[in-house]
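Undergrad: Pasting structure.cif here (mmCIF, C-alpha atoms and all ligand atoms):
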```
data_data
loop_
_atom_site.label_atom_id
_atom_site.label_comp_id
_atom_site.auth_asym_id
_atom_site.auth_seq_id
_atom_site.Cartn_x
_atom_site.Cartn_y
_atom_site.Cartn_z
CA MET A 1 -14.58 46.53 -54.56
CA GLY A 2 -14.92 50.30 -55.20
CA SER A 3 -12.66 53.03 -56.43
CA PRO A 4 -9.58 53.46 -54.22
CA ASP A 5 -9.70 57.27 -54.71
CA ILE A 6 -13.32 57.87 -53.76
CA SER A 7 -14.91 57.36 -50.34
CA PRO A 8 -18.10 55.45 -50.91
CA SER A 9 -21.42 57.20 -50.36
CA SER A 10 -23.52 54.05 -50.47
CA LEU A 11 -23.32 50.27 -50.59
CA THR A 12 -24.44 47.66 -53.10
CA VAL A 13 -24.61 44.15 -51.72
CA VAL A 14 -24.41 41.16 -54.05
CA ILE A 15 -25.35 37.89 -52.40
CA GLY A 16 -24.20 34.99 -54.54
CA GLY A 17 -21.43 37.34 -55.57
CA THR A 18 -19.20 34.36 -56.37
CA GLY A 19 -21.66 33.01 -58.96
CA SER A 20 -21.57 33.78 -62.68
CA ILE A 21 -24.35 36.38 -62.83
CA GLY A 22 -23.62 37.72 -59.32
CA SER A 23 -19.94 38.39 -60.04
CA ALA A 24 -20.74 39.97 -63.43
CA CYS A 25 -23.32 42.23 -61.71
CA ALA A 26 -20.74 43.23 -59.11
CA GLU A 27 -18.29 44.23 -61.87
CA GLU A 28 -20.93 46.17 -63.79
CA PHE A 29 -22.14 48.07 -60.71
CA ASN A 30 -18.54 48.78 -59.73
CA TYR A 31 -17.82 50.20 -63.18
CA ARG A 32 -21.04 52.26 -63.40
CA GLN A 33 -21.13 53.58 -59.85
CA PRO A 34 -17.58 54.25 -58.67
CA ASP A 35 -18.84 56.07 -55.56
CA THR A 36 -20.70 52.95 -54.41
CA GLU A 37 -18.86 50.19 -52.58
CA ILE A 38 -19.76 46.70 -53.70
CA ILE A 39 -19.95 44.08 -50.98
CA LEU A 40 -19.73 40.55 -52.34
CA LEU A 41 -21.20 37.85 -50.14
CA GLY A 42 -21.04 34.13 -50.82
CA ARG A 43 -20.26 30.89 -49.11
CA GLU A 44 -16.52 31.42 -49.59
CA THR A 45 -16.27 35.16 -48.89
CA GLU A 46 -14.93 36.63 -45.65
CA SER A 47 -18.39 37.26 -44.16
CA GLY A 48 -19.68 33.99 -45.48
CA ILE A 49 -23.36 33.57 -46.26
CA ASP A 50 -24.75 30.08 -46.53
CA LEU A 51 -28.46 30.20 -47.30
CA LEU A 52 -28.88 27.02 -45.27
CA SER A 53 -27.86 28.94 -42.13
CA GLU A 54 -29.96 31.89 -40.90
CA ASP A 55 -27.22 32.65 -38.41
CA SER A 56 -24.72 33.29 -41.24
CA ILE A 57 -27.26 35.58 -42.96
CA SER A 58 -27.98 37.61 -39.83
CA LYS A 59 -24.26 37.97 -39.03
CA ALA A 60 -23.49 39.17 -42.56
CA ALA A 61 -26.37 41.68 -42.37
CA ALA A 62 -25.06 42.98 -39.03
CA LYS A 63 -21.64 43.58 -40.60
CA VAL A 64 -23.19 45.49 -43.49
CA ALA A 65 -25.29 47.56 -41.02
CA ALA A 66 -22.11 48.38 -39.06
CA ARG A 67 -20.76 50.20 -42.13
CA LYS A 68 -23.36 52.95 -41.47
CA LEU A 69 -23.74 53.76 -45.17
CA PRO A 70 -27.02 53.70 -47.09
CA VAL A 71 -27.64 50.34 -48.76
CA ALA A 72 -28.71 51.48 -52.22
CA SER A 73 -29.07 48.04 -53.83
CA VAL A 74 -29.15 44.40 -52.85
CA ILE A 75 -28.99 41.71 -55.53
CA VAL A 76 -29.71 38.14 -54.50
CA ALA A 77 -28.04 36.09 -57.24
CA THR A 78 -28.02 32.72 -55.50
CA GLY A 79 -29.78 29.60 -56.65
CA ILE A 80 -29.46 25.95 -57.61
CA LEU A 81 -30.90 23.95 -60.49
CA HIS A 82 -28.67 20.89 -60.35
CA ASN A 83 -25.97 19.39 -58.17
CA GLU A 84 -24.98 15.94 -56.97
CA LEU A 85 -28.44 15.48 -55.41
CA VAL A 86 -30.72 17.66 -57.55
CA ARG A 87 -31.59 17.02 -61.22
CA PRO A 88 -34.45 18.77 -63.02
CA GLU A 89 -37.23 16.16 -63.12
CA LYS A 90 -38.81 15.16 -66.44
CA THR A 91 -41.65 13.27 -64.74
CA TRP A 92 -43.20 13.03 -61.27
CA LYS A 93 -41.53 9.60 -61.05
CA GLN A 94 -38.19 11.41 -60.61
CA VAL A 95 -39.41 13.69 -57.81
CA ASN A 96 -37.30 13.12 -54.70
CA GLN A 97 -38.05 14.40 -51.21
CA GLU A 98 -34.49 15.34 -50.27
CA ALA A 99 -33.89 17.16 -53.56
CA LEU A 100 -37.17 19.09 -53.22
CA GLU A 101 -36.28 20.11 -49.69
CA LEU A 102 -32.87 21.38 -50.78
CA LEU A 103 -34.33 23.31 -53.74
CA PHE A 104 -36.84 25.04 -51.47
CA ARG A 105 -34.24 25.77 -48.79
CA VAL A 106 -31.80 27.35 -51.27
CA ASN A 107 -34.15 28.94 -53.84
CA SER A 108 -37.07 30.08 -51.67
CA ILE A 109 -36.45 29.95 -47.90
CA GLY A 110 -32.86 31.25 -48.11
CA PRO A 111 -33.77 34.39 -50.10
CA MET A 112 -36.73 34.97 -47.72
CA LEU A 113 -34.32 34.91 -44.78
CA VAL A 114 -32.08 37.32 -46.70
CA MET A 115 -35.10 39.62 -47.06
CA LYS A 116 -35.83 39.30 -43.34
CA HIS A 117 -32.31 40.48 -42.43
CA PHE A 118 -31.43 42.84 -45.30
CA LEU A 119 -34.70 44.67 -46.13
CA PRO A 120 -34.50 46.53 -42.78
CA LEU A 121 -31.10 47.89 -43.90
CA LEU A 122 -32.64 49.80 -46.83
CA PRO A 123 -32.89 53.55 -46.28
CA LYS A 124 -36.24 54.84 -44.97
CA SER A 125 -36.58 57.80 -47.29
CA GLU A 126 -34.36 57.34 -50.33
CA LYS A 127 -34.68 55.16 -53.38
CA SER A 128 -33.26 51.68 -53.00
CA VAL A 129 -33.64 48.43 -54.92
CA PHE A 130 -33.76 44.85 -53.70
CA ALA A 131 -33.70 42.34 -56.57
CA CYS A 132 -34.03 38.56 -56.25
CA LEU A 133 -33.04 36.53 -59.27
CA SER A 134 -35.95 34.25 -59.99
CA ALA A 135 -36.69 32.40 -63.26
CA ARG A 136 -39.41 32.55 -65.91
CA VAL A 137 -40.10 28.86 -65.29
CA GLY A 138 -41.35 29.92 -61.83
CA SER A 139 -44.35 31.50 -63.55
CA ILE A 140 -47.43 29.31 -63.06
CA ALA A 141 -49.30 31.12 -65.86
CA ASP A 142 -46.41 30.58 -68.29
CA ASN A 143 -45.97 26.85 -67.56
CA GLY A 144 -46.81 25.17 -70.85
CA LEU A 145 -44.19 22.41 -70.87
CA GLY A 146 -44.33 20.83 -67.40
CA GLY A 147 -41.31 19.10 -65.87
CA TRP A 148 -38.69 20.70 -63.60
CA TYR A 149 -41.08 20.30 -60.66
CA GLY A 150 -38.76 21.33 -57.86
CA TYR A 151 -37.03 24.27 -59.55
CA ARG A 152 -40.30 25.68 -60.91
CA ALA A 153 -42.09 25.36 -57.58
CA SER A 154 -39.18 26.79 -55.57
CA LYS A 155 -39.04 29.85 -57.84
CA ALA A 156 -42.85 30.26 -57.67
CA ALA A 157 -42.53 30.23 -53.86
CA LEU A 158 -39.71 32.78 -54.10
CA ASN A 159 -41.96 35.02 -56.22
CA GLN A 160 -44.70 34.89 -53.59
CA PHE A 161 -42.17 35.76 -50.87
CA VAL A 162 -40.94 38.74 -52.91
CA LYS A 163 -44.47 40.00 -53.60
CA THR A 164 -45.51 39.64 -49.96
CA ALA A 165 -42.36 41.34 -48.64
CA SER A 166 -42.79 44.20 -51.14
CA ILE A 167 -46.15 45.05 -49.58
CA GLU A 168 -44.74 45.15 -46.05
CA LEU A 169 -41.67 47.07 -47.24
CA SER A 170 -43.80 49.83 -48.78
CA ARG A 171 -45.28 50.63 -45.36
CA THR A 172 -41.95 51.70 -43.84
CA ARG A 173 -39.81 52.42 -46.90
CA PRO A 174 -42.09 54.01 -49.50
CA GLU A 175 -39.24 54.62 -51.95
CA ALA A 176 -37.84 51.10 -51.83
CA ILE A 177 -38.43 48.68 -54.69
CA CYS A 178 -38.38 44.91 -54.21
CA MET A 179 -38.61 42.82 -57.37
CA ALA A 180 -38.20 39.31 -58.79
CA ILE A 181 -36.15 39.20 -61.99
CA HIS A 182 -35.73 36.57 -64.68
CA PRO A 183 -32.16 37.23 -65.89
CA GLY A 184 -32.66 35.53 -69.27
CA THR A 185 -30.96 32.33 -70.34
CA VAL A 186 -27.37 33.02 -69.41
CA ALA A 187 -24.31 30.86 -70.10
CA THR A 188 -23.38 29.81 -66.56
CA ARG A 189 -22.56 26.61 -64.71
CA LEU A 190 -26.21 26.52 -63.60
CA SER A 191 -27.66 26.55 -67.12
CA ASP A 192 -24.85 24.92 -69.15
CA PRO A 193 -26.19 21.33 -69.14
CA PHE A 194 -29.64 22.53 -70.28
CA THR A 195 -29.11 25.26 -72.90
CA LYS A 196 -30.31 24.06 -76.30
CA LYS A 197 -29.06 25.24 -79.65
CA GLY A 198 -31.13 28.10 -81.06
CA LEU A 199 -31.87 29.63 -77.66
CA ASN A 200 -30.93 33.26 -77.20
CA VAL A 201 -28.17 32.76 -74.61
CA LEU A 202 -26.67 35.83 -72.95
CA THR A 203 -23.18 36.06 -71.54
CA PRO A 204 -23.06 36.92 -67.82
CA ARG A 205 -21.63 40.32 -68.81
CA ASP A 206 -24.51 41.11 -71.21
CA CYS A 207 -26.95 39.99 -68.58
CA ALA A 208 -25.30 42.19 -65.93
CA LYS A 209 -25.47 45.23 -68.24
CA ARG A 210 -29.19 44.69 -68.72
CA LEU A 211 -29.76 44.13 -65.02
CA TYR A 212 -27.86 47.30 -64.16
CA LYS A 213 -30.01 49.29 -66.59
CA LEU A 214 -33.19 47.74 -65.23
CA LEU A 215 -32.35 48.30 -61.56
CA ASN A 216 -31.01 51.79 -62.11
CA ALA A 217 -34.21 52.85 -63.88
CA ALA A 218 -36.57 50.99 -61.52
CA ASP A 219 -39.25 53.10 -59.90
CA ILE A 220 -41.84 52.69 -57.24
CA GLN A 221 -44.44 51.34 -59.71
CA ASP A 222 -42.14 48.33 -60.09
CA ASN A 223 -42.26 47.38 -56.41
CA GLY A 224 -43.54 43.81 -56.07
CA GLY A 225 -43.17 43.07 -59.80
CA PHE A 226 -41.83 40.05 -61.68
CA PHE A 227 -39.84 41.18 -64.73
CA ASP A 228 -37.49 39.77 -67.30
CA TYR A 229 -34.08 41.29 -68.10
CA GLU A 230 -35.70 43.62 -70.68
CA LYS A 231 -38.21 44.77 -68.08
CA ARG A 232 -41.14 42.94 -69.64
CA ARG A 233 -43.61 41.92 -66.94
CA ILE A 234 -43.94 38.15 -66.52
CA PRO A 235 -47.33 36.82 -65.41
CA TRP A 236 -47.31 35.12 -62.03
N1 LIG A 301 -28.20 30.99 -65.86
C1 LIG A 301 -29.44 31.05 -66.30
O1 LIG A 301 -29.72 30.80 -67.49
C2 LIG A 301 -30.56 31.43 -65.36
C3 LIG A 301 -31.86 31.47 -65.88
C4 LIG A 301 -32.91 31.82 -65.02
C5 LIG A 301 -32.64 32.13 -63.71
N2 LIG A 301 -31.37 32.08 -63.22
C6 LIG A 301 -31.15 32.40 -61.82
O2 LIG A 301 -30.06 33.30 -61.68
C7 LIG A 301 -29.45 33.09 -60.39
C8 LIG A 301 -27.93 33.02 -60.56
O3 LIG A 301 -27.61 31.84 -61.28
P1 LIG A 301 -26.25 31.64 -62.12
O4 LIG A 301 -26.69 31.22 -63.46
O5 LIG A 301 -25.35 32.82 -61.96
O6 LIG A 301 -25.66 30.35 -61.40
P2 LIG A 301 -24.29 30.07 -60.64
O7 LIG A 301 -23.13 30.61 -61.39
O8 LIG A 301 -24.32 28.61 -60.35
O9 LIG A 301 -24.45 30.90 -59.28
C9 LIG A 301 -25.27 30.45 -58.25
C10 LIG A 301 -24.88 31.12 -56.96
O10 LIG A 301 -25.70 30.57 -55.90
C11 LIG A 301 -24.85 30.33 -54.78
N3 LIG A 301 -25.38 29.32 -53.89
C12 LIG A 301 -25.80 28.08 -54.18
N4 LIG A 301 -26.17 27.46 -53.03
C13 LIG A 301 -25.94 28.34 -52.01
C14 LIG A 301 -26.08 28.29 -50.60
N5 LIG A 301 -26.52 27.21 -49.96
N6 LIG A 301 -25.76 29.38 -49.89
C15 LIG A 301 -25.29 30.51 -50.49
N7 LIG A 301 -25.12 30.60 -51.82
C16 LIG A 301 -25.44 29.53 -52.57
C17 LIG A 301 -23.53 29.88 -55.42
O11 LIG A 301 -22.51 30.00 -54.45
P3 LIG A 301 -21.11 29.26 -54.58
O12 LIG A 301 -20.31 30.14 -55.52
O13 LIG A 301 -20.60 29.26 -53.20
O14 LIG A 301 -21.40 27.88 -55.14
C18 LIG A 301 -23.42 30.88 -56.55
O15 LIG A 301 -22.90 32.10 -56.07
C19 LIG A 301 -30.11 31.86 -59.79
O16 LIG A 301 -31.14 32.26 -58.92
C20 LIG A 301 -30.74 31.18 -60.99
O17 LIG A 301 -31.86 30.39 -60.63
C21 LIG A 301 -30.31 31.73 -64.03
#
```
Take the structure in the file and give it back as structure tokens.
Ligand SMILES: NC(=O)c1ccc[n+]([C@@H]2O[C@H](COP(=O)([O-])OP(=O)(O)OC[C@H]3O[C@@H](n4cnc5c(N)ncnc54)[C@H](OP(=O)(O)O)[C@@H]3O)[C@@H](O)[C@H]2O)c1

TA:
Amino acid sequence: MGSPDISPSSLTVVIGGTGSIGSACAEEFNYRQPDTEIILLGRETESGIDLLSEDSISKAAAKVAARKLPVASVIVATGILHNELVRPEKTWKQVNQEALELLFRVNSIGPMLVMKHFLPLLPKSEKSVFACLSARVGSIADNGLGGWYGYRASKAALNQFVKTASIELSRTRPEAICMAIHPGTVATRLSDPFTKKGLNVLTPRDCAKRLYKLLNAADIQDNGGFFDYEKRRIPW
């Protein structure tokens, strides 16, 4: 992606770029920043990233580094809530070891490995933004309903990884901002089985517009924060 007439001056990397929110973010960034090249990474893209394989993450990061352009933004838009193995649990009776392991590997450990290999690509003395899509239900303080054990806990673990990495990042890249973002309830294949009538459901495009605005306006005070799509802070 990028404008064919302009040589790019920086890169934006969207991991999970084949997902609903990830692909909408890629389109929005491409439209708003024609001088930035968008690199989409997913399981089915040319430099494939599978969060279950650190090797695939490190190889994809090496390819991005080889471009020798500043990485202005990285958006990690990967995640699972349900699949053939995983179902959000209504009670502890439904908790299943294999499903929990997969949720943690995809939603927490995978993004941490992405941080390990991609945070060092951020410029040392220019603004850059690294955003991980988390979820409000990962907030421990905001958990009033219970249920969804695995998804909630995997997003809470992701939030702790983001916060911890943001502290280390600030030591070498004082202008970089690393944040966890709740994108809102968005009509995607991830949320479709669970969106109830009456909820304020965003389209992926609306969500991407808000995320672009949020990330573009982010500043150093936001490093290590957990925000929703309107930039309201969410308690941990
Ligand atoms: N939709 C909502 O209402 C909502 C609400 C709160 C938070 N979120 C968060 O927003 C993020 C994006 O979700 P979405 O709604 O856009 O869902 P989506 O359309 O299902 O996209 C999920 C993405 O995750 C990728 N993925 C899954 N497992 C992977 C793996 N092992 N390795 C690499 N990539 C993997 C998928 O890749 P493939 O294309 O290869 O399958 C896809 O690109 C997630 O973190 C989700 O938790 C969404």

Undergrad: Provide the atom CA of Ser154 of chain A to atom CA of Leu100 of chain A distance in Å, to one decimal place.

TA: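 Straight-line distance from atom CA of Ser154 of chain A to atom CA of Leu100 of chain A works out to 8.3 Å.
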
Undergrad: Just want the 9 Å neighbourhood of Val86 of chain A, counted on all atoms listed in the file, with same-chain residues fewer than 6 positions away dropped. Output as a list of chain:residue names.

TA: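 In the requested format, the answer is A:Ile80, A:Asn96, A:Glu98, A:Ala99, A:Leu100, A:Leu102, A:Leu103, A:Gly150.
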
Undergrad: Would you write out those residues with C-alpha atoms, as a PDB file, in the coordinates of the input?

TA:
```pdb
ATOM      1  CA  ILE A  80     -29.460  25.950 -57.610  1.00  0.00           C
ATOM      2  CA  ASN A  96     -37.300  13.120 -54.700  1.00  0.00           C
ATOM      3  CA  GLU A  98     -34.490  15.340 -50.270  1.00  0.00           C
ATOM      4  CA  ALA A  99     -33.890  17.160 -53.560  1.00  0.00           C
ATOM      5  CA  LEU A 100     -37.170  19.090 -53.220  1.00  0.00           C
ATOM      6  CA  LEU A 102     -32.870  21.380 -50.780  1.00  0.00           C
ATOM      7  CA  LEU A 103     -34.330  23.310 -53.740  1.00  0.00           C
ATOM      8  CA  GLY A 150     -38.760  21.330 -57.860  1.00  0.00           C
TER       9      GLY A 150
END
```

Undergrad: Nearest to Ser10 of chain A among A:Leu41, A:Leu69, A:Ala135, A:Ala62, with distances taken over all atoms listed in the file: which residue is it?

TA: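 Among A:Leu41, A:Leu69, A:Ala135, A:Ala62, it is A:Leu69 that comes nearest to Ser10 of chain A.
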
Undergrad: To one decimal place in Å, what is the distance between atom CA of Asn200 of chain A and atom CA of Gly22 of chain A?

TA: 19.8 Å

Undergrad: Counting all atoms listed in the file, which protein, DNA or RNA residues come within 9 Å of ligand LIG 301 (chain A), given as an NGL selection string?

TA: :A and (15-24 or 41-45 or 48-53 or 76-82 or 102 or 105-107 or 110 or 132-137 or 151 or 155 or 181-192 or 194-195 or 201-202 or 204)
